[in-house]
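Asks: First the structure, which I've put down as structure tokens, then a few questions once you've had a look.
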Amino acid sequence: MNENDPNSPPPIPATGVIPPNSPEPEAFRYPGGHHMGDMEADFSPGVATPREALPLGTAPDDRELIHGVAGVVEALLRCPRRVMFHLRGETRGRVTGWLLLAAVGLIAAYGVIVGSFSGGDQWWAAPLKITVGMVAAAAICLPSLYVFASLSGSRAQLGDLAGVLCGLIALIGILLIGFAPVAWLFSQSTNSLVVMGCLHLAFWGVAVRFGLRFLSEAVTHFDVRSGSGLWTWGIIFILVSLQMTTALRPLIGTAPTLLPTEKKFFTAHWSDSFNAPRR
Amino acid sequence: MISRPGNDHFGPLLRGDIDVIAAWISRWSAGHTARQVFVIIFGAGAFGAAMGSWRAPEQAVWSAIKLPFVFVATAAGNALLNAMLAPLLGINLTIRESFAAVLMSFALAAVILGAFSPIMVFLVWNLPVSEPGVPVAAAARSVMLLTLIAVIAFAGVTANVRLLHLLRRLGGGVSAARRLLFAWLAVNLLLGTQVSWIARPFIGRVDVPVTFLEAHPLEGNFFEETGRTAAELWRHFFP
């Protein structure tokens, strides 16, 4: 490959990120001042680097600004790399705040759908408990995420990972909202707590799967050498979240008290729910 | 890659940035010791508070004081022996260097424990309330005890793997580093477990009032208690 050939792809470092506030590096410019995006069609399929492997800041739309909660939601869905890119440097605090706002709003909105199954106090209690539970689970697991990421070689700081974690729960919220019409339809057409519980868990499971993929990709850009620590953390996060659903029960059905009076592990609670008389 | 300058003390320890850690050891000072001790007090203290909170708030305070004490006392108590073992097993370290290496591995373990303390608090929150005569409370205590042993074991293993890399960097080769690590582990395990046994209770028992130290702290040992707890849990789940 001739590096003086204007049609050759530019040299690209293996890992890392270009700071958000830095000008586009000369190394990533084509002769004549073209940007990478301008020449994207000229990339030969045989030598093109997969988009996910490109360092943040080098793909054409990584650097596009994100404006507000709507912007961050759109970016999470269409171009998560843009969110990852802006979760560094000077934009980190602002984007983290928008992600948290999006997560709170979307999860609370899904909570209303969950609460619609029982109505009454659950109209407000379910969204409140689901939102608080999701944010609390993320906060509880943040220090261990830092430890597992660092043990895997990551150079991310706690603030970086807080932003990524907000991205994870925001993405969970977005996907849950996508499932909300289906969940609402079922909640109006069944009386079974078990069916609704399983349905919500299935939707949550799908959302968490995509959320963890976002987190894994985001943390990879901090020089992570091995993914095993992150998967271990993912299991811890899932367990804490599932236990949170039991610790803050009832989320779907009703109970004399707002919070449980008996401590249980989620497996025991599920077992009791399956064996309880059908509603 | 953005690298932010600043006071990132945990990152190099957790990542095992051997060059950075070796540089710390080569110019080790009282300030470095104070910083590592502070990390141990903060990390191990948070974890101690989390596990003690199962019994009572007062127990949380006592455990937050005692767990960091166990770490520091073990590092200090074995400092001379660790320094003697190093040249005998093929790595020529001074007392200062061996103490610094051991203290940093303890600090790393404390950071990991501190990071797990929110999860431990959450676990405690979800365990049955400790009440005398309630069988489920005894089982909960066993779950608690074995969970914290698992977390401490994870922190300890991780810290020692990092210490092994550091010893290899400090000279003597792979086999010498392994021999020395094994010897340090043995003596630190022996002293550490007995210090922690003497400093018990860390969790407390539902049928015993909260206390800073037991009435007869020198009776029994750690290994007997761990075996008894495992047997108790086995009988609960498989009567």
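We name chains A, B, ... following the order of the structure tokens; residues begin at 1 in each chain, and ligands are numbered from 1 as shown.
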Return as a PyMOL selection string the full set of residues in range 76-162 of chain A whose backbone-based DSSP assignment is alpha helix (DSSP H).
Replies: chain A and resi 76-78+80-86+92-115+122-151+158-162
Asks: Tell me as a ChimeraX atom specification which residues belonging to chain B come within 9 Å of chain A, counting only C-alpha atoms.
Replies: /B:1-4,8,10-17,111-112,114-119,121-123,125-129,158
Asks: Save the residues we just selected, C-alpha atoms, as a tab-separated table (two decimals), in the first residue's frame?
Replies:
chain	number	residue	atom	x	y	z
B	1	MET	CA	-6.10	7.55	24.31
B	2	ILE	CA	-6.73	10.36	26.70
B	3	SER	CA	-4.59	10.06	29.77
B	4	ARG	CA	-5.56	12.43	32.48
B	8	ASP	CA	-4.90	8.29	40.19
B	10	PHE	CA	-5.85	3.06	42.35
B	11	GLY	CA	-5.49	2.69	38.58
B	12	PRO	CA	-1.84	1.57	38.42
B	13	LEU	CA	-2.42	-0.83	41.34
B	14	LEU	CA	-5.50	-2.42	39.77
B	15	ARG	CA	-4.10	-2.53	36.25
B	16	GLY	CA	-0.79	-3.87	37.50
B	17	ASP	CA	1.26	-1.12	35.86
B	111	VAL	CA	-9.47	-1.25	47.10
B	112	ILE	CA	-11.22	-4.35	45.75
B	114	GLY	CA	-14.03	-1.30	49.22
B	115	ALA	CA	-15.50	-1.59	45.73
B	116	PHE	CA	-17.51	-4.61	46.81
B	117	SER	CA	-18.79	-2.96	49.99
B	118	PRO	CA	-21.94	-1.45	48.33
B	119	ILE	CA	-22.83	-4.95	47.10
B	121	VAL	CA	-24.48	-3.65	52.08
B	122	PHE	CA	-27.15	-4.62	49.56
B	123	LEU	CA	-26.70	-8.30	50.50
B	125	TRP	CA	-30.16	-5.40	53.47
B	126	ASN	CA	-31.70	-8.45	51.83
B	127	LEU	CA	-30.78	-10.94	54.54
B	128	PRO	CA	-33.30	-11.83	57.23
B	129	VAL	CA	-33.12	-9.61	60.30
B	158	THR	CA	-5.97	-10.75	42.66
Asks: For Phe106 in chain B, work out the shell of residues within 8 Å, counting only C-alpha atoms and skipping chain neighbours fewer than 6 positions away, then give it as a PyMOL selection string.
Replies: chain B and resi 40+71+75+156+159
Asks: I'd like the contact shell of range 199-211 of chain B - 9 Å cut-off, only C-alpha atoms, skipping same-chain residues fewer than 5 positions apart - returned as a list in words.
Replies: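 So the residues in contact are Gly48, Ala49, Met51, Gly52, Ser53, Trp54, Arg55, Ala56, Glu58, Gln59, Ala60, Trp62, Ser63, Ala64, Lys66, Leu67, Phe69, Val70, Ser130, Glu131, Pro132, Gly133, Ala137, Ala138, Arg141, Met144, Leu145, Gln194 and Pro217 of chain B.
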Asks: Keeping C-alpha atoms for every residue in the selection just given, could you write it to a file as a PDB file, in the first residue's frame?
Replies:
ATOM      1  CA  GLY B  48     -15.797  -4.071  57.488  1.00  0.00           C
ATOM      2  CA  ALA B  49     -18.670  -1.648  58.057  1.00  0.00           C
ATOM      3  CA  MET B  51     -20.386  -6.826  56.966  1.00  0.00           C
ATOM      4  CA  GLY B  52     -20.779  -5.579  60.535  1.00  0.00           C
ATOM      5  CA  SER B  53     -23.981  -3.745  59.628  1.00  0.00           C
ATOM      6  CA  TRP B  54     -25.796  -7.104  59.438  1.00  0.00           C
ATOM      7  CA  ARG B  55     -25.655  -7.403  63.233  1.00  0.00           C
ATOM      8  CA  ALA B  56     -26.004  -3.786  64.367  1.00  0.00           C
ATOM      9  CA  GLU B  58     -22.401  -0.457  66.518  1.00  0.00           C
ATOM     10  CA  GLN B  59     -20.892  -3.667  65.123  1.00  0.00           C
ATOM     11  CA  ALA B  60     -20.413  -1.893  61.771  1.00  0.00           C
ATOM     12  CA  TRP B  62     -16.179  -1.840  65.339  1.00  0.00           C
ATOM     13  CA  SER B  63     -15.615  -3.891  62.187  1.00  0.00           C
ATOM     14  CA  ALA B  64     -14.719  -0.764  60.203  1.00  0.00           C
ATOM     15  CA  LYS B  66     -10.779  -3.761  63.137  1.00  0.00           C
ATOM     16  CA  LEU B  67     -10.516  -4.956  59.527  1.00  0.00           C
ATOM     17  CA  PHE B  69      -6.116  -2.984  61.667  1.00  0.00           C
ATOM     18  CA  VAL B  70      -5.776  -6.654  60.663  1.00  0.00           C
ATOM     19  CA  SER B 130     -30.861 -11.021  62.991  1.00  0.00           C
ATOM     20  CA  GLU B 131     -33.076 -12.222  65.838  1.00  0.00           C
ATOM     21  CA  PRO B 132     -32.178 -14.739  68.552  1.00  0.00           C
ATOM     22  CA  GLY B 133     -33.797 -18.140  68.130  1.00  0.00           C
ATOM     23  CA  ALA B 137     -31.113 -15.875  60.882  1.00  0.00           C
ATOM     24  CA  ALA B 138     -28.424 -18.464  61.601  1.00  0.00           C
ATOM     25  CA  ARG B 141     -25.230 -15.462  59.030  1.00  0.00           C
ATOM     26  CA  MET B 144     -22.970 -13.791  54.957  1.00  0.00           C
ATOM     27  CA  LEU B 145     -19.793 -15.351  56.354  1.00  0.00           C
ATOM     28  CA  GLN B 194      -4.846 -15.412  63.669  1.00  0.00           C
ATOM     29  CA  PRO B 217     -10.218 -13.748  72.062  1.00  0.00           C
TER      30      PRO B 217
END
Asks: Of the candidates B:Ala107, B:Ala46, B:Ala186, B:Leu80, which shows the shortest atom-to-atom distance to Met120 in chain B, using only C-alpha atoms?
Replies: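 Smallest separation from Met120 in chain B among the options: B:Ala46.
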Asks: Need to verify the contact set: range 168-179 of chain B, 9 Å, only C-alpha atoms, exclusion of same-chain residues closer than 6 positions in sequence. Can you return it as a PyMOL selection string?
Replies: chain B and resi 18-19+22+86+89-93
Asks: Neighbours of Glu219 in chain B within 10 Å (only C-alpha atoms; same-chain residues fewer than 3 positions away dropped), as a ChimeraX atom specification?
Replies: /B:197-198,214-216
Asks: Save out the residues we just selected, N, CA and C atoms, as a PDB file, in the first residue's frame.
Replies:
ATOM      1  N   TRP B 197      -8.692 -13.571  63.846  1.00  0.00           N
ATOM      2  CA  TRP B 197      -9.404 -14.388  64.823  1.00  0.00           C
ATOM      3  C   TRP B 197      -9.432 -13.690  66.185  1.00  0.00           C
ATOM      4  N   ILE B 198      -8.295 -13.140  66.558  1.00  0.00           N
ATOM      5  CA  ILE B 198      -8.214 -12.453  67.855  1.00  0.00           C
ATOM      6  C   ILE B 198      -9.094 -11.197  67.852  1.00  0.00           C
ATOM      7  N   GLU B 214     -14.226 -10.339  71.707  1.00  0.00           N
ATOM      8  CA  GLU B 214     -14.885 -11.413  72.459  1.00  0.00           C
ATOM      9  C   GLU B 214     -14.264 -11.525  73.847  1.00  0.00           C
ATOM     10  N   ALA B 215     -14.981 -12.215  74.743  1.00  0.00           N
ATOM     11  CA  ALA B 215     -14.493 -12.337  76.118  1.00  0.00           C
ATOM     12  C   ALA B 215     -13.177 -13.109  76.169  1.00  0.00           C
ATOM     13  N   HIS B 216     -13.032 -14.136  75.319  1.00  0.00           N
ATOM     14  CA  HIS B 216     -11.799 -14.941  75.306  1.00  0.00           C
ATOM     15  C   HIS B 216     -11.249 -14.945  73.880  1.00  0.00           C
TER      16      HIS B 216
END
Asks: So that I can check the surroundings of range 94-98 of chain A, please list as a PyMOL selection string every protein, DNA and RNA residue that reaches within 9 Å of it, counting only C-alpha atoms and ignoring chain neighbours fewer than 3 positions away.
Replies: chain A and resi 66-73+83+86-87+90-91+101-103+160+162-167
